[in-house]
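Chemist: This one is work-v9.txt, compact mmCIF, C-alpha atoms.
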# COMPACT_ATOMS: atom_id res chain seq x y z
CA MET A 1 -30.66 -4.37 3.37
CA LYS A 2 -27.76 -2.25 2.19
CA PHE A 3 -27.74 -1.20 -1.47
CA PRO A 4 -24.93 -2.99 -3.37
CA GLY A 5 -23.28 0.20 -4.60
CA SER A 6 -19.75 -1.21 -4.32
CA VAL A 7 -20.66 -3.99 -6.76
CA LEU A 8 -22.01 -1.46 -9.25
CA ALA A 9 -18.88 0.70 -8.96
CA SER A 10 -16.59 -2.30 -9.49
CA VAL A 11 -18.46 -3.46 -12.59
CA PHE A 12 -18.59 0.07 -14.04
CA LEU A 13 -14.82 0.53 -13.69
CA PHE A 14 -14.17 -2.95 -15.08
CA VAL A 15 -16.31 -2.43 -18.19
CA ALA A 16 -15.26 1.18 -18.81
CA GLU A 17 -11.55 0.48 -18.49
CA THR A 18 -11.68 -2.64 -20.67
CA THR A 19 -13.64 -0.80 -23.38
CA ALA A 20 -11.24 2.15 -23.32
CA ALA A 21 -8.24 -0.21 -23.53
CA LEU A 22 -9.66 -1.98 -26.59
CA TYR A 23 -10.39 1.35 -28.29
CA LEU A 24 -6.94 2.74 -27.54
CA SER A 25 -5.22 -0.44 -28.74
CA SER A 26 -7.09 -0.12 -32.04
CA THR A 27 -5.77 3.45 -32.44
CA TYR A 28 -2.23 2.22 -31.78
CA ARG A 29 -2.70 -0.46 -34.41
CA SER A 30 -3.94 2.03 -37.00
CA GLY A 31 -0.97 4.28 -36.18
CA GLY A 32 1.55 1.47 -36.62
CA ASP A 33 2.58 1.30 -32.94
CA GLY A 34 2.57 -2.45 -32.51
CA MET A 35 4.52 -2.49 -29.24
CA TRP A 36 2.18 0.00 -27.53
CA GLN A 37 -0.81 -2.01 -28.77
CA ALA A 38 0.60 -5.27 -27.39
CA LEU A 39 1.42 -3.79 -23.96
CA THR A 40 -1.99 -2.08 -23.72
CA LEU A 41 -3.78 -5.35 -24.47
CA LEU A 42 -1.53 -7.26 -22.06
CA PHE A 43 -2.25 -4.94 -19.12
CA SER A 44 -5.95 -5.08 -19.96
CA LEU A 45 -6.62 -8.77 -20.66
CA LEU A 46 -4.35 -10.24 -17.97
CA PRO A 47 -6.23 -8.61 -15.04
CA CYS A 48 -9.52 -9.50 -16.74
CA ALA A 49 -8.59 -13.19 -16.60
CA LEU A 50 -7.46 -12.86 -12.99
CA VAL A 51 -10.74 -11.17 -12.05
CA GLN A 52 -12.71 -14.07 -13.59
CA LEU A 53 -10.65 -16.60 -11.63
CA THR A 54 -11.12 -14.62 -8.42
CA LEU A 55 -14.90 -14.54 -8.76
CA LEU A 56 -14.98 -18.27 -9.49
CA PHE A 57 -12.70 -19.03 -6.55
CA VAL A 58 -14.62 -16.97 -4.00
CA HIS A 59 -17.98 -18.43 -5.07
CA ARG A 60 -16.48 -21.97 -5.23
CA ASP A 61 -17.89 -22.55 -8.71
CA PHE A 62 -15.06 -24.89 -9.68
CA SER A 63 -16.58 -27.66 -7.52
CA ARG A 64 -20.19 -26.96 -8.56
CA ASP A 65 -22.07 -28.04 -11.66
CA ARG A 66 -22.68 -24.63 -13.29
CA PRO A 67 -21.49 -24.85 -16.90
CA LEU A 68 -23.28 -21.66 -17.99
CA VAL A 69 -21.49 -19.62 -15.33
CA LEU A 70 -18.13 -21.09 -16.33
CA LEU A 71 -18.85 -20.30 -19.99
CA LEU A 72 -19.74 -16.67 -19.18
CA HIS A 73 -16.54 -16.27 -17.20
CA LEU A 74 -14.59 -17.80 -20.06
CA LEU A 75 -16.11 -15.15 -22.35
CA GLN A 76 -15.02 -12.42 -19.85
CA LEU A 77 -18.68 -11.71 -19.01
CA GLY A 78 -18.53 -13.02 -15.46
CA PRO A 79 -18.68 -9.62 -13.67
CA LEU A 80 -21.75 -8.57 -15.68
CA PHE A 81 -23.54 -11.83 -14.82
CA ARG A 82 -22.58 -11.53 -11.15
CA CYS A 83 -23.84 -7.94 -11.05
CA PHE A 84 -27.16 -9.03 -12.59
CA GLU A 85 -27.38 -11.81 -10.02
CA VAL A 86 -26.69 -9.38 -7.17
CA PHE A 87 -29.47 -6.99 -8.17
CA CYS A 88 -31.89 -9.89 -8.64
CA ILE A 89 -31.18 -11.00 -5.07
CA TYR A 90 -31.48 -7.42 -3.80
CA CYS A 91 -34.83 -6.79 -5.53
CA GLN A 92 -36.34 -10.10 -4.35
CA SER A 93 -35.10 -9.85 -0.77
CA GLY A 94 -38.06 -7.86 0.56
CA HIS A 95 -40.78 -9.90 -1.21
CA VAL A 96 -39.85 -13.48 -0.30
CA GLU A 97 -39.92 -14.70 3.30
CA GLU A 98 -36.79 -16.65 4.14
CA PRO A 99 -37.31 -19.91 6.07
CA TYR A 100 -33.75 -20.03 7.42
CA VAL A 101 -31.76 -17.31 9.12
CA SER A 102 -28.44 -17.35 10.92
CA ILE A 103 -27.52 -15.35 14.00
CA THR A 104 -24.23 -13.46 14.13
CA LYS A 105 -22.73 -11.79 17.17
CA LYS A 106 -20.86 -8.53 16.80
CA ARG A 107 -19.42 -6.25 19.44
CA GLN A 108 -20.13 -2.56 19.22
CA MET A 109 -17.49 0.12 19.49
CA PRO A 110 -16.65 0.72 23.16
CA LYS A 111 -18.40 3.64 24.86
CA ASN A 112 -17.07 4.86 28.21
CA GLY A 113 -14.77 1.84 28.28
CA PHE A 114 -17.55 -0.75 27.80
CA SER A 115 -18.42 -2.75 24.69
CA GLU A 116 -21.77 -4.51 24.22
CA GLU A 117 -22.31 -7.65 22.17
CA VAL A 118 -25.27 -7.45 19.78
CA GLU A 119 -26.97 -10.34 18.02
CA LYS A 120 -28.15 -9.89 14.46
CA GLU A 121 -30.24 -12.12 12.22
CA VAL A 122 -28.76 -12.65 8.77
CA GLY A 123 -30.91 -14.20 6.06
CA GLN A 124 -29.77 -16.21 3.08
CA ALA A 125 -30.17 -13.28 0.71
CA GLU A 126 -28.06 -11.00 2.87
CA GLY A 127 -25.44 -13.73 3.21
CA LYS A 128 -25.27 -14.11 -0.58
CA LEU A 129 -24.94 -10.34 -1.01
CA PHE A 130 -22.11 -10.32 1.53
CA THR A 131 -20.29 -13.00 -0.47
CA HIS A 132 -20.77 -11.03 -3.70
CA ARG A 133 -19.49 -7.80 -2.11
CA SER A 134 -16.44 -9.61 -0.75
CA ALA A 135 -15.70 -11.17 -4.15
CA PHE A 136 -16.03 -7.87 -6.02
CA SER A 137 -13.87 -6.08 -3.44
CA ARG A 138 -11.07 -8.56 -3.99
CA ALA A 139 -11.56 -8.38 -7.76
CA SER A 140 -11.30 -4.56 -7.64
CA VAL A 141 -7.98 -4.77 -5.78
CA ILE A 142 -6.61 -7.26 -8.34
CA GLN A 143 -7.77 -5.17 -11.28
CA ALA A 144 -6.33 -1.99 -9.76
CA PHE A 145 -2.78 -3.09 -8.95
CA LEU A 146 -2.13 -5.85 -11.49
CA GLY A 147 -3.79 -4.04 -14.39
CA SER A 148 -4.70 -0.38 -13.91
CA ALA A 149 -1.46 0.66 -12.17
CA PRO A 150 0.93 -0.61 -14.88
CA GLN A 151 -1.55 0.55 -17.52
CA LEU A 152 -1.58 4.11 -16.17
CA THR A 153 2.22 4.12 -15.99
CA LEU A 154 2.45 2.91 -19.59
CA GLN A 155 -0.02 5.44 -21.02
CA LEU A 156 1.59 8.35 -19.16
CA TYR A 157 5.00 7.21 -20.42
CA ILE A 158 3.70 7.14 -24.01
CA SER A 159 2.23 10.62 -23.60
CA THR A 160 5.57 11.88 -22.26
CA LEU A 161 7.55 10.46 -25.17
CA GLN A 162 5.11 11.66 -27.83
CA GLN A 163 4.53 15.01 -26.03
CA ASP A 164 0.87 14.67 -26.89
CA VAL A 165 -2.23 13.59 -24.96
CA THR A 166 -5.22 12.55 -27.03
CA ILE A 167 -8.77 12.66 -25.69
CA GLY A 168 -9.05 8.87 -25.67
CA ARG A 169 -5.78 8.39 -23.82
CA CYS A 170 -6.65 11.12 -21.33
CA LEU A 171 -10.01 9.47 -20.58
CA PHE A 172 -8.30 6.11 -20.26
CA MET A 173 -5.73 7.46 -17.79
CA VAL A 174 -8.48 9.07 -15.69
CA LEU A 175 -10.37 5.75 -15.56
CA SER A 176 -7.18 3.90 -14.63
CA LEU A 177 -6.40 6.35 -11.83
CA LEU A 178 -9.95 6.05 -10.49
CA SER A 179 -9.67 2.27 -10.62
CA ILE A 180 -6.38 2.30 -8.67
CA VAL A 181 -7.71 4.71 -6.05
CA TYR A 182 -10.90 2.69 -5.69
CA GLY A 183 -8.88 -0.52 -5.35
CA ALA A 184 -6.70 1.08 -2.66
CA LEU A 185 -9.85 2.28 -0.87
CA ARG A 186 -11.32 -1.23 -0.95
CA CYS A 187 -7.99 -2.52 0.35
CA ASN A 188 -8.22 -0.15 3.33
CA ILE A 189 -11.80 -1.22 4.09
CA LEU A 190 -10.94 -4.91 3.74
CA ALA A 191 -8.00 -4.46 6.11
CA ILE A 192 -10.21 -2.78 8.71
CA LYS A 193 -12.91 -5.45 8.50
CA ILE A 194 -10.40 -8.31 8.69
CA LYS A 195 -8.49 -6.84 11.63
CA TYR A 196 -11.65 -5.98 13.58
CA ASP A 197 -13.84 -8.87 12.48
CA GLU A 198 -15.51 -9.26 15.88
CA TYR A 199 -16.73 -5.64 15.88
CA ASP A 200 -19.60 -4.01 14.02
CA VAL A 201 -17.55 -1.64 11.84
CA LYS A 202 -19.32 1.34 10.27
CA VAL A 203 -17.29 3.59 7.99
CA LYS A 204 -18.50 7.20 7.79
CA PRO A 205 -18.64 9.19 4.52
CA LEU A 206 -15.89 11.58 5.65
CA ALA A 207 -13.62 8.58 6.16
CA TYR A 208 -14.18 7.57 2.53
CA VAL A 209 -13.38 11.11 1.39
CA CYS A 210 -10.20 11.21 3.46
CA ILE A 211 -9.03 7.81 2.16
CA PHE A 212 -9.82 8.90 -1.42
CA LEU A 213 -7.70 12.05 -1.11
CA TRP A 214 -4.90 10.19 0.66
CA ARG A 215 -4.70 7.51 -2.02
CA SER A 216 -5.14 9.92 -4.93
CA PHE A 217 -2.14 12.06 -3.95
CA GLU A 218 -0.01 9.04 -3.06
CA ILE A 219 -0.65 7.06 -6.25
CA ALA A 220 -0.57 10.02 -8.65
CA THR A 221 2.80 11.28 -7.38
CA ARG A 222 4.26 7.76 -7.35
CA VAL A 223 3.25 7.08 -10.97
CA ILE A 224 4.57 10.46 -12.18
CA VAL A 225 7.92 9.89 -10.42
CA LEU A 226 8.30 6.46 -12.02
CA VAL A 227 7.43 7.83 -15.48
CA LEU A 228 9.89 10.72 -15.20
CA PHE A 229 12.69 8.40 -14.11
CA THR A 230 11.86 5.87 -16.85
CA SER A 231 11.92 8.54 -19.56
CA VAL A 232 15.61 9.33 -18.91
CA LEU A 233 17.06 6.09 -17.48
CA LYS A 234 15.23 3.20 -19.13
CA ALA A 235 17.69 0.48 -18.14
CA TRP A 236 17.96 1.50 -14.48
CA VAL A 237 14.19 1.50 -13.96
CA VAL A 238 14.22 -2.30 -14.38
CA ILE A 239 16.56 -2.58 -11.40
CA VAL A 240 14.39 -0.24 -9.31
CA VAL A 241 11.24 -2.21 -10.15
CA LEU A 242 12.86 -5.58 -9.46
CA ILE A 243 14.28 -4.45 -6.11
CA ASN A 244 10.87 -3.12 -5.04
CA PHE A 245 9.00 -6.17 -6.28
CA PHE A 246 11.22 -8.87 -4.82
CA SER A 247 11.61 -7.03 -1.51
CA PHE A 248 7.85 -7.12 -0.90
CA PHE A 249 7.33 -10.50 -2.57
CA LEU A 250 9.94 -12.32 -0.47
CA TYR A 251 9.37 -10.49 2.82
CA PRO A 252 6.27 -12.55 3.92
CA TRP A 253 8.03 -15.80 2.94
CA ILE A 254 11.16 -14.85 4.89
CA LEU A 255 9.05 -14.15 7.98
CA PHE A 256 7.27 -17.48 7.50
CA TRP A 257 10.52 -19.44 7.16
CA CYS A 258 12.06 -17.70 10.19
CA SER A 259 9.00 -18.46 12.34
CA GLY A 260 9.39 -22.21 11.81
CA SER A 261 5.61 -22.68 11.45
CA PRO A 262 4.19 -25.62 9.48
CA PHE A 263 2.90 -25.09 5.96
CA PRO A 264 -0.69 -23.71 6.04
CA GLU A 265 -3.27 -26.31 5.02
CA ASN A 266 -6.54 -24.59 6.00
CA ILE A 267 -6.85 -21.96 3.26
CA GLU A 268 -9.32 -24.02 1.23
CA LYS A 269 -10.31 -27.62 1.88
CA ALA A 270 -10.63 -28.48 -1.81
CA LEU A 271 -7.07 -27.32 -2.58
CA SER A 272 -4.09 -29.64 -2.60
CA ARG A 273 -0.66 -28.63 -1.34
CA VAL A 274 0.32 -27.46 -4.82
CA GLY A 275 -2.89 -25.46 -5.17
CA THR A 276 -2.31 -23.86 -1.76
CA THR A 277 1.22 -22.90 -2.80
CA ILE A 278 -0.09 -21.32 -6.02
CA VAL A 279 -2.70 -19.32 -4.08
CA LEU A 280 -0.09 -18.10 -1.57
CA CYS A 281 2.29 -17.10 -4.37
CA PHE A 282 -0.52 -15.18 -6.06
CA LEU A 283 -1.33 -13.39 -2.79
CA THR A 284 2.29 -12.39 -2.29
CA LEU A 285 2.39 -11.24 -5.93
CA LEU A 286 -0.64 -9.03 -5.30
CA TYR A 287 0.89 -7.81 -2.03
CA ALA A 288 4.08 -6.79 -3.87
CA GLY A 289 2.06 -5.09 -6.61
CA ILE A 290 0.13 -3.01 -4.08
CA ASN A 291 3.21 -1.92 -2.14
CA MET A 292 4.94 -0.98 -5.38
CA PHE A 293 2.56 1.98 -5.74
CA CYS A 294 1.12 2.63 -2.26
CA TRP A 295 0.87 1.35 1.30
CA SER A 296 -1.05 -1.93 1.37
CA ALA A 297 -2.69 -1.22 4.79
CA VAL A 298 -2.25 -4.92 5.69
CA GLN A 299 0.67 -7.12 6.61
CA LEU A 300 0.58 -10.49 4.89
CA LYS A 301 1.29 -13.24 7.41
CA ILE A 302 1.45 -16.71 5.89
CA ASN A 303 1.54 -18.61 9.20
CA ASN A 304 -1.71 -16.93 10.32
CA PRO A 305 -5.00 -18.75 9.53
CA ASP A 306 -6.47 -15.48 8.22
CA LEU A 307 -3.22 -14.74 6.29
CA ILE A 308 -3.40 -11.18 7.68
CA SER A 309 -1.65 -9.77 10.72
CA LYS A 310 -4.29 -8.13 12.92
CA SER A 311 -1.86 -6.01 14.93
CA GLN A 312 -1.54 -2.30 14.15
CA ASN A 313 2.17 -1.76 13.54
CA TRP A 314 2.89 1.99 13.42
CA TYR A 315 6.63 1.38 13.14
CA ARG A 316 6.26 -0.51 9.84
CA LEU A 317 4.01 2.25 8.50
CA LEU A 318 6.55 4.93 9.46
CA VAL A 319 9.45 3.03 7.91
CA TYR A 320 7.54 2.45 4.67
CA TYR A 321 6.67 6.11 4.10
CA MET A 322 10.12 7.33 5.10
CA LEU A 323 11.85 4.95 2.67
CA ARG A 324 9.34 5.67 -0.08
CA PHE A 325 9.81 9.42 0.31
CA ILE A 326 13.60 9.02 0.15
CA GLU A 327 13.28 6.80 -2.92
CA ASN A 328 11.00 9.27 -4.71
CA ALA A 329 13.37 12.13 -3.92
CA PHE A 330 16.35 10.12 -5.23
CA LEU A 331 14.54 9.19 -8.46
CA LEU A 332 13.57 12.81 -9.02
CA LEU A 333 17.18 13.87 -8.43
CA MET A 334 18.36 11.36 -11.05
CA TRP A 335 15.73 12.67 -13.47
CA TYR A 336 16.90 16.24 -12.87
CA LEU A 337 20.54 15.32 -13.52
CA TYR A 338 19.87 13.31 -16.70
CA LYS A 339 16.78 15.04 -18.16
CA THR A 340 16.69 15.37 -21.94
CA ASP A 341 15.51 18.04 -24.35
CA ILE A 342 11.87 16.97 -24.16
CA TYR A 343 11.74 18.73 -20.77
CA MET A 344 13.16 21.96 -22.16
CA TYR A 345 10.04 23.96 -21.34
CA VAL A 346 9.48 22.33 -17.93
CA CYS A 347 10.60 24.09 -14.77
CA ALA A 348 12.31 21.09 -13.20
CA PRO A 349 12.85 22.44 -9.64
CA LEU A 350 9.23 23.55 -9.42
CA LEU A 351 7.99 20.16 -10.66
CA ILE A 352 10.17 18.32 -8.12
CA LEU A 353 8.89 20.56 -5.34
CA GLN A 354 5.26 20.00 -6.38
CA LEU A 355 5.67 16.21 -6.44
CA LEU A 356 7.34 16.09 -3.03
CA ILE A 357 4.68 18.38 -1.56
CA GLY A 358 2.00 16.17 -3.16
CA TYR A 359 3.45 13.09 -1.48
CA CYS A 360 3.62 14.92 1.86
CA THR A 361 -0.04 15.93 1.35
CA ALA A 362 -0.92 12.24 0.98
CA ILE A 363 0.86 11.50 4.27
CA LEU A 364 -1.04 14.36 5.91
CA PHE A 365 -4.42 12.97 4.80
CA MET A 366 -3.35 9.54 6.05
CA LEU A 367 -2.55 10.96 9.50
CA VAL A 368 -5.86 12.84 9.55
CA PHE A 369 -7.71 9.61 8.73
CA TYR A 370 -6.04 7.60 11.50
CA GLN A 371 -6.43 10.43 14.01
CA PHE A 372 -10.05 11.50 13.39
CA PHE A 373 -11.95 9.28 10.93
CA HIS A 374 -10.78 5.71 11.49
CA PRO A 375 -13.89 3.69 12.50
CA CYS A 376 -11.95 1.72 15.13
CA LYS A 377 -9.74 4.48 16.53
CA LYS A 378 -11.11 3.82 20.02
CA LEU A 379 -9.43 0.42 19.95
CA PHE A 380 -5.96 1.84 19.27
CA SER A 381 -3.52 1.51 22.14
CA SER A 382 -2.11 4.91 21.14
CA SER A 383 -3.28 7.51 18.65
CA VAL A 384 -1.24 9.29 15.99
CA SER A 385 -0.90 12.46 18.08
CA GLU A 386 0.22 10.49 21.15
CA GLY A 387 2.77 8.61 19.09
CA PHE A 388 4.05 11.88 17.64
CA GLN A 389 4.36 13.38 21.13
CA GLU A 390 6.27 10.32 22.35
CA TRP A 391 8.57 10.57 19.34
CA LEU A 392 9.24 14.25 20.10
CA LYS A 393 9.98 13.38 23.73
CA CYS A 394 12.45 10.69 22.65
CA VAL A 395 14.16 13.13 20.26
CA CYS A 396 14.37 15.80 22.98
CA CYS A 397 15.75 13.28 25.50
CA ASP A 398 18.38 12.15 23.00
CA CYS A 399 19.40 15.75 22.34
CA ARG A 400 19.67 16.45 26.07
CA GLN A 401 21.74 13.32 26.66
CA GLN A 402 24.03 14.22 23.76
CA LYS A 403 24.51 17.74 25.13
CA SER A 404 25.24 16.39 28.61
CA ARG A 405 27.77 13.95 27.15
CA GLU A 406 29.45 16.75 25.23
CA SER A 407 29.63 18.92 28.36
CA VAL A 408 31.05 16.01 30.38
CA GLY A 409 33.59 15.37 27.63
CA LYS A 410 34.67 19.03 27.65
CA THR A 411 35.16 19.01 31.43
CA ASP A 412 37.19 15.78 31.16
CA LEU A 413 39.40 17.36 28.50
CA ARG A 414 39.95 20.42 30.69
CA SER A 415 40.87 18.30 33.74
CA THR A 416 43.30 16.16 31.75
CA GLY A 417 44.83 19.33 30.28
CA ASP A 418 45.39 20.74 33.78
CA ARG A 419 46.99 17.48 34.86
CA ASP A 420 49.33 17.56 31.87
CA GLU A 421 50.41 21.14 32.57
CA THR A 422 51.38 20.48 36.22
CA PRO A 423 54.08 17.82 35.70
CA SER A 424 55.55 19.64 32.73
CA SER A 425 56.19 22.78 34.84
CA SER A 426 57.82 20.71 37.59
CA LYS A 427 60.09 19.11 35.03
CA ILE A 428 61.16 22.50 33.72
CA SER A 429 61.89 23.82 37.23
CA SER A 430 63.96 20.74 38.09
CA MET A 431 66.22 21.07 35.06
CA PRO A 432 68.48 23.90 36.44
CA SER A 433 69.16 21.98 39.67
CA GLN A 434 70.17 18.96 37.62
CA ILE A 435 72.54 21.14 35.56
CA LEU A 436 74.10 22.59 38.74
CA ASN A 437 74.68 19.14 40.19
CA THR A 438 76.51 18.01 37.06
CA ASP A 439 78.69 21.14 37.08
CA GLU A 440 79.68 20.54 40.69
CA LEU A 441 80.60 16.95 39.92
CA CYS A 442 82.81 18.06 37.01
CA SER A 443 84.66 20.65 39.14
CA ALA A 444 85.25 18.05 41.80
Take the structure in the file and write it out as structure tokens.

Modeler:
Amino acid sequence: MKFPGSVLASVFLFVAETTAALYLSSTYRSGGDGMWQALTLLFSLLPCALVQLTLLFVHRDFSRDRPLVLLLHLLQLGPLFRCFEVFCIYCQSGHVEEPYVSITKKRQMPKNGFSEEVEKEVGQAEGKLFTHRSAFSRASVIQAFLGSAPQLTLQLYISTLQQDVTIGRCLFMVLSLLSIVYGALRCNILAIKIKYDEYDVKVKPLAYVCIFLWRSFEIATRVIVLVLFTSVLKAWVVIVVLINFFSFFLYPWILFWCSGSPFPENIEKALSRVGTTIVLCFLTLLYAGINMFCWSAVQLKINNPDLISKSQNWYRLLVYYMLRFIENAFLLLMWYLYKTDIYMYVCAPLLILQLLIGYCTAILFMLVFYQFFHPCKKLFSSSVSEGFQEWLKCVCCDCRQQKSRESVGKTDLRSTGDRDETPSSSKISSMPSQILNTDELCSA
């Protein structure tokens, strides 16, 4: 049975970040910064409550008689109790014989064009561990993008304004960045397992390293760009955030309304229509929060029973990174034009170049992952390199067609010019004869 390391990592980040937030808020209170204290507590306690609700929802504890579990979650101790429960199940799994097992069928990755279907026995303990891993993965994503991402932006903004980074704030920002990167990594793995549910997916260690580097560069540069823009144009950043948020929040609903599909009723049997609507709104809220800082790796599809589009859309990925790169460059340009005296000793062009190169480095690691380390790359209809070659061919064909059109246009202009010159010369030559004829008529 696989060691539940992901559960341990999720609980460690949850406890460490919450503890650091409480300590930092106490320092803000002692320093008389009431607004910073309130925002720090808000971005810490709100995701904590959402994590508790997520764990209760995944384990379906609302419909079960477990008052102690509900009390522990109410006291924000739910993740610690769940982690203890996971390791109890893991330690007892090899000593107790399970009377009931279930058989699952998974297809292996195709080799030489053929894919074999393998049956696997799954005991009750392993099934419970799978449920716990799934719950903690979703909780890590919620904590990362609804708590850690705005928290990191806030603390970096405070450090920029005060031009000082304390040890506690530095440690807190490092934990927040690790939490966001880990949440993005779990989001990638969840997307792969949902899209290729019928296959036995095994992610190699180098794939984890590549995803970690990809997400680290992408999120770090995005947060720094937002902080720099906020420090000089505080009012305009609200417009930028609202445009980003509502674009991603409304996009799945617009697709759902345009498809004409009926309202989904099979998300959870115990939920009413109002409860289903609340869950879908929360999912779109999380989807918008993820795409605000990085690529979500999944396309939310409300009319799908799994709520996730299983098709690999390279065009949407290309459009996202192109628009995000243009947006980051524009925000950096606005910061450069309106920067204040606090950036007197900062080489602005060099900083802009470093941030743009950092974002391009993230895109490079993403392409490397999809080309070499994606666990299901054999199932792609076309790889990254093939898509790039096709794009180059299309660009070259367009250039050739444009050149041929220009050459045809030049020849047409020359031919029309020759035609215009011929009648004009004949008119000039005919003018003397007309003058002679009029003179003869006058003499007559």

Chemist: May I ask for the distance between atom CA of A:Tyr359 and atom CA of A:Ile189, given in Å to one decimal place?

Modeler: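 Taking atom CA of A:Tyr359 and atom CA of A:Ile189, their separation equals 21.6 Å.
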
Chemist: Between A:Val203, A:Leu72, A:Ala348, A:Ala9, which has the minimum distance to A:Leu175 (counting only C-alpha atoms)?

Modeler: A:Ala9

Chemist: Hey, what's within 9 Å of stretch 165-171 of chain A if we count all atoms listed in the file and toss same-chain stuff fewer than 6 positions away? As a list in words, please?

Modeler: Ala20, Ala21, Tyr23, Leu24, Gln155, Leu156, Ile158 and Ser159 of chain A

Chemist: What is the atom CA of A:Arg186 to atom CA of A:Tyr199 distance in Å?

Modeler: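 Interatomic distance, atom CA of A:Arg186 to atom CA of A:Tyr199: 18.2 Å.
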
Chemist: Might you pull out every residue within 12 Å of A:Gln108, with only C-alpha atoms counted and same-chain residues fewer than 6 positions away left off, and present them as a PyMOL selection string?

Modeler: chain A and resi 114-120+196-202+375-376+378-379

Chemist: Would you compute the distance between atom CA of A:Ser93 and atom CA of A:Tyr208? Give it in Å to one decimal.

Modeler: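 We find that atom CA of A:Ser93 and atom CA of A:Tyr208 lie 27.4 Å from each other.
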